[in-house]
Each structure stands twice: as C-alpha cells, then as structure tokens.
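Novice: Take a look at the following structure, please.
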Amino acid sequence: MKDYIYVDTDLATSYFAQMNQGAITKTLFNNENSELHTTNGGEQSKKHTKAGVTAGVTIAHDHEKTEIDTFSKAILKNNTETVENVLHDYLIDILLNSISSKSIDEAADGDFIVHKGKVKIYDFETSKETVTTEFMKTIHSLSDNSKEELDELNRLESKSRRVKISVSEEQKIAKIKSDLGLSGIELAEGSFKMLDKLFPDTILIKVGNTVSLCDKTKFRLLRNHLSPLNSSTREITVFGRILSKVSQDDTEIPTNSLEILSKASTFFPEVVTSNFEIKKDGDYNVRPIAIYFE
C-alpha cells in the first residue's frame, strides 16, 4: 500500500499511453459514449391556447413540457468516475513494473529513477507569507522580556519615517534588531520573496541528492500538512525522470553581459538554491511522476 503525497496523473497517463497505443484514453472515451447513450423513455407534450382581449387583440400562449428519465445516466457517470480514480493510482504501479528505471548513481538525463531517502520540503510561497518582520514583532510582543525593546524599536522606526534620525539612534535600531533576531528575518524575508518569483506555483522536494520540481496543484495533502513531513523519520520514494544534473558551472557568474542575459532564466534559480544549500554540485533535478511513502 502506498501513501501518495504527490501524483502527476497527466504525466503518468501520457507515458502509459505511449507504451500501450493509448489504451487508457480509449477505454475512458468508450465509457463516456456509453454514458451519453443510456437516456431512454420519457414523454413530451405541447399545448397551444388563445385568449381574447378587448379591442380585438388575441394573446397566444404556448406551453411545452418535457420529461426525460436520467436515472441510468447518473449511475453510469458515477461508475466512470470511480474507474478513473482507481486507474489513476494503480497506474503508478503499472508504470513501475513496465519502465526500466536506473539507480541514481547510474542515471543520465532522461532516465527514469526510483529513489528513496529522507524528505525535505521547500514551500517558498508559504515561507514568504510567514517569515516576516511583522510576524516576529508580534511574537516578541507576547513576551514581557522583549516588550520594552520592541516599543523602543517601533518608536525609533516611526520617527525615522518622519524625520532624519541621529547616528546614535540608527545604531540603537540596529542593536535592538540584532538582539531580537530581526536582522536575520529581514534578510530571509527578501530571499523568500525572490525564491517565490523564481519558482512560481512550485514546491521543491529534496529526497537524498534529488530535487523534484513539483506542481502545487498535484499534491494529495493540503499545503499546511506538508511542513510536518520535514520531521518524519520515514524514508520517502520519488519516482520520476531526470531533467539534469547540477553542476558547479551552473552557479558561476558569466563575465559577458550577453551571456548573463541568455542564461538568466536558468542561472539565477541555480545560484540562489545553491547559496541556500538546497542544491549542491552533483544533485539531480527531477520531474516527478509520483512521491509516496510505503
């Protein structure tokens, strides 16, 4: 039994259909046809009346009534949906048995891999929304030990927005932020905003030395249920296809301005994730088909 965290059904169906002349697509198409042709019976009536009104005006009224039996159609539709869901999950097992996967050490770009390891999840959008200076100030405001420093910080920052403050006041702001850990939060806040822009609608899942680029819409768990998985002691399995191997060359800043422009879309995501130690030289970028616990 597999406990699926992530399943890309469209991708799995595409690979299976290519290996089996589109068998699953044909089966689902036939089911849909049978559903459309099961409506039978029913009756239809039409009534035409006229009513006289003053000044020789006559109003005509058509009344039409149609009743159709749709009972069998509803049952077939439910059955079709059930078959689809069963095929979606069982399809992963079929692919695993049909595809020749390689170990991660032997895999090259384009190879299928099945790799197990501890999981680490990076949801940059959630981090961007929660790791903020305002959030940390709210936390500190609940502590009596930090309340005095926080009040002084708010006063000085409010003053700095109105007038130019002295050097000593600027230094005091910096010291309070350092004492409360807000300086590091400000840096992280900007970083998460940048990462969310570089990886829109994507959650990164690292399993061993693989980094899977996962579509947020294809998770089987709610997003707030993903964070606890970082503390799981179980190993998770990623089944997918190698996109590329991370190389140190990917993180070296080009010296030519035109080269920077041409490589910007691939260069900056690799640089940022490497600097945050999400990826390292020798890791693999993976397009995941399914991620699950066994």
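Chain labels follow the order of the structure tokens: the first chain is A, the next B, and so on; residue numbering restarts at 1 in every chain, and ligands are counted from 1 in their shown order.
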Excluding range 190-203 of chain A and any residue of its chain fewer than 4 positions from it, enumerate the residues within 7 Å of it, using only C-alpha atoms, and give them as a tab-separated table (two decimals) with all heavy atoms, in the first residue's frame.

Specialist:
chain	number	residue	atom	x	y	z
A	122	TYR	N	10.43	22.41	0.51
A	122	TYR	CA	10.66	23.85	0.42
A	122	TYR	C	9.46	24.50	-0.27
A	122	TYR	O	9.31	24.41	-1.49
A	122	TYR	CB	11.93	24.16	-0.36
A	122	TYR	CG	13.19	23.56	0.25
A	122	TYR	CD1	13.65	22.31	-0.17
A	122	TYR	CD2	13.90	24.24	1.24
A	122	TYR	CE1	14.79	21.74	0.39
A	122	TYR	CE2	15.04	23.68	1.80
A	122	TYR	CZ	15.48	22.44	1.37
A	122	TYR	OH	16.61	21.89	1.93
A	123	ASP	N	8.62	25.15	0.53
A	123	ASP	CA	7.45	25.86	0.02
A	123	ASP	C	7.73	27.35	0.17
A	123	ASP	O	7.51	27.94	1.22
A	123	ASP	CB	6.20	25.46	0.80
A	123	ASP	CG	4.93	26.10	0.27
A	123	ASP	OD1	5.04	26.98	-0.59
A	123	ASP	OD2	3.83	25.72	0.73
A	124	PHE	N	8.25	27.97	-0.88
A	124	PHE	CA	8.70	29.35	-0.79
A	124	PHE	C	7.55	30.34	-0.62
A	124	PHE	O	7.71	31.37	0.03
A	124	PHE	CB	9.52	29.70	-2.03
A	124	PHE	CG	10.71	28.82	-2.23
A	124	PHE	CD1	10.91	28.14	-3.42
A	124	PHE	CD2	11.63	28.64	-1.21
A	124	PHE	CE1	12.01	27.32	-3.60
A	124	PHE	CE2	12.73	27.81	-1.38
A	124	PHE	CZ	12.92	27.15	-2.58
A	125	GLU	N	6.39	30.03	-1.18
A	125	GLU	CA	5.26	30.94	-1.04
A	125	GLU	C	4.81	31.01	0.42
A	125	GLU	O	4.57	32.10	0.96
A	125	GLU	CB	4.09	30.51	-1.93
A	125	GLU	CG	2.91	31.46	-1.84
A	125	GLU	CD	1.73	31.01	-2.68
A	125	GLU	OE1	1.79	29.92	-3.27
A	125	GLU	OE2	0.74	31.77	-2.74
A	127	SER	N	6.63	30.27	3.05
A	127	SER	CA	7.70	30.91	3.81
A	127	SER	C	7.66	32.42	3.65
A	127	SER	O	7.85	33.18	4.60
A	127	SER	CB	9.06	30.38	3.35
A	127	SER	OG	9.17	28.99	3.59
A	128	LYS	N	7.38	32.88	2.42
A	128	LYS	CA	7.30	34.31	2.15
A	128	LYS	C	6.19	34.96	2.97
A	128	LYS	O	6.33	36.09	3.45
A	128	LYS	CB	7.06	34.53	0.67
A	128	LYS	CG	6.92	35.99	0.25
A	128	LYS	CD	6.36	36.12	-1.15
A	128	LYS	CE	4.91	35.70	-1.22
A	128	LYS	NZ	4.30	35.94	-2.55
A	186	GLU	N	14.81	39.88	8.30
A	186	GLU	CA	14.71	40.80	7.17
A	186	GLU	C	15.41	40.23	5.94
A	186	GLU	O	14.91	40.32	4.82
A	186	GLU	CB	15.29	42.16	7.53
A	186	GLU	CG	14.41	42.97	8.49
A	186	GLU	CD	15.04	44.31	8.83
A	186	GLU	OE1	16.26	44.47	8.60
A	186	GLU	OE2	14.32	45.18	9.34
A	213	LEU	N	10.84	19.18	-8.83
A	213	LEU	CA	10.12	20.42	-9.04
A	213	LEU	C	8.64	20.07	-9.16
A	213	LEU	O	8.19	19.57	-10.20
A	213	LEU	CB	10.62	21.12	-10.31
A	213	LEU	CG	12.15	21.25	-10.41
A	213	LEU	CD1	12.56	21.84	-11.75
A	213	LEU	CD2	12.68	22.12	-9.28
A	214	CYS	N	7.87	20.31	-8.11
A	214	CYS	CA	6.50	19.79	-8.01
A	214	CYS	C	5.46	20.89	-8.21
A	214	CYS	O	5.52	21.95	-7.58
A	214	CYS	CB	6.29	19.16	-6.63
A	214	CYS	SG	7.44	17.81	-6.25
A	215	ASP	N	4.50	20.59	-9.06
A	215	ASP	CA	3.35	21.47	-9.30
A	215	ASP	C	2.47	21.48	-8.05
A	215	ASP	O	2.05	20.43	-7.57
A	215	ASP	CB	2.57	20.94	-10.51
A	215	ASP	CG	1.42	21.85	-10.91
A	215	ASP	OD1	0.95	22.63	-10.06
A	215	ASP	OD2	0.98	21.76	-12.07
A	216	LYS	N	2.16	22.66	-7.52
A	216	LYS	CA	1.39	22.76	-6.28
A	216	LYS	C	0.00	22.13	-6.38
A	216	LYS	O	-0.54	21.67	-5.39
A	216	LYS	CB	1.23	24.23	-5.88
A	216	LYS	CG	2.50	24.88	-5.38
A	216	LYS	CD	2.27	26.33	-5.01
A	216	LYS	CE	3.56	26.96	-4.51
A	216	LYS	NZ	3.37	28.40	-4.19
A	269	PRO	N	18.06	30.77	-10.72
A	269	PRO	CA	17.50	29.75	-9.82
A	269	PRO	C	18.56	28.81	-9.25
A	269	PRO	O	18.51	28.44	-8.07
A	269	PRO	CB	16.51	28.99	-10.72
A	269	PRO	CG	16.14	29.98	-11.76
A	269	PRO	CD	17.37	30.78	-12.02

Novice: What separation in Å, quoted to one decimal, exists between CA of Ile99 in chain A and CA of Thr217 in chain A?

Specialist: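 It comes out at 25.3 Å.
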
Novice: Give me, as a list in words, all polymer residues having an atom no more than 7 Å from range 230-232 of chain A, counting only C-alpha atoms and skipping those fewer than 3 positions away in the same chain.

Specialist: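 Contacts, in chain order: Val119, Lys120, Ile121 and Ser227 of chain A.
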
Novice: How would the residues just chosen look if you wrote them out with N, CA and C atoms as a tab-separated table (two decimals), in the first residue's frame?

Specialist:
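As written to disk, out29.tsv reads:
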chain	number	residue	atom	x	y	z
A	119	VAL	N	13.06	13.14	3.46
A	119	VAL	CA	12.44	14.20	2.67
A	119	VAL	C	12.68	15.57	3.30
A	120	LYS	N	12.85	16.56	2.44
A	120	LYS	CA	12.94	17.96	2.85
A	120	LYS	C	12.08	18.75	1.88
A	121	ILE	N	11.15	19.55	2.42
A	121	ILE	CA	10.18	20.26	1.59
A	121	ILE	C	10.42	21.76	1.67
A	227	SER	N	4.45	20.72	5.87
A	227	SER	CA	5.55	21.10	6.77
A	227	SER	C	5.90	20.01	7.78

Novice: Between CA of Ser146 in chain A and CA of Ser178 in chain A, measure the distance and give it in Å to one decimal.

Specialist: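 Distance reported for this atom pair: 12.4 Å.
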
Novice: Mind giving me the straight-line distance from CA of Thr130 in chain A to CA of Val286 in chain A in Å, one decimal?

Specialist: 27.5 Å

Novice: Between A:Arg287, A:Arg162, A:Lys245, A:His140, single out the one closest to Leu11 in chain A, counting only C-alpha atoms.

Specialist: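 Of the candidates, the smallest distance to Leu11 in chain A is held by A:Arg287.
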
Novice: Nearest residue to Leu91 in chain A out of A:Phe112, A:Phe16, A:Tyr284, A:Phe219, using only C-alpha atoms?

Specialist: A:Phe16

Novice: Mind checking which residues fall within 8 Å of range 276-279 of chain A, counting only C-alpha atoms, ignoring those fewer than 3 positions away in the same chain, and posting them as a list of chain:residue names?

Specialist: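 Near neighbours after the sequence-gap exclusion: A:Lys206, A:Val211, A:Val246, A:Glu270, A:Val272, A:Thr273, A:Asp283.
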
Novice: Using only C-alpha atoms for the distances, tell me which of A:Ala12, A:Val131, A:Ile92, A:Ala290 is nearest to Leu187 in chain A.

Specialist: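 Among the listed residues, the smallest separation from Leu187 in chain A belongs to A:Val131.
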
Novice: Need to verify the contact set: Leu95 in chain A, 12 Å, only C-alpha atoms, exclusion of same-chain residues closer than 4 positions in sequence. Can you return it as a PyMOL selection string?

Specialist: chain A and resi 9+11-20+87-91+99-101+112-114+239-240+289-290

Novice: For Glu189 in chain A, which of A:Asp151, A:Leu222, A:Thr126, A:Ser168 is the closest residue, counting only C-alpha atoms?

Specialist: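 Answer, going by the shortest atom-to-atom distance: A:Thr126.
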
Novice: Give the answer as one residue: which of A:Glu106, A:Ile173, A:Val238, A:Ile139 has the shortest atom-to-atom distance to Asp8 in chain A, using only C-alpha atoms?

Specialist: A:Val238

Novice: Which polymer residues have any atom within 10 Å of an atom of Leu180 in chain A, counting only C-alpha atoms, with same-chain residues fewer than 3 positions away left out, as a list in words?

Specialist: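 Residues near the query, excluding close chain neighbours: Met136, Lys137, His140, Ser146, Glu149, Leu150, Lys175, Ile176, Lys177, Ser183, Gly184 and Ile185 of chain A.
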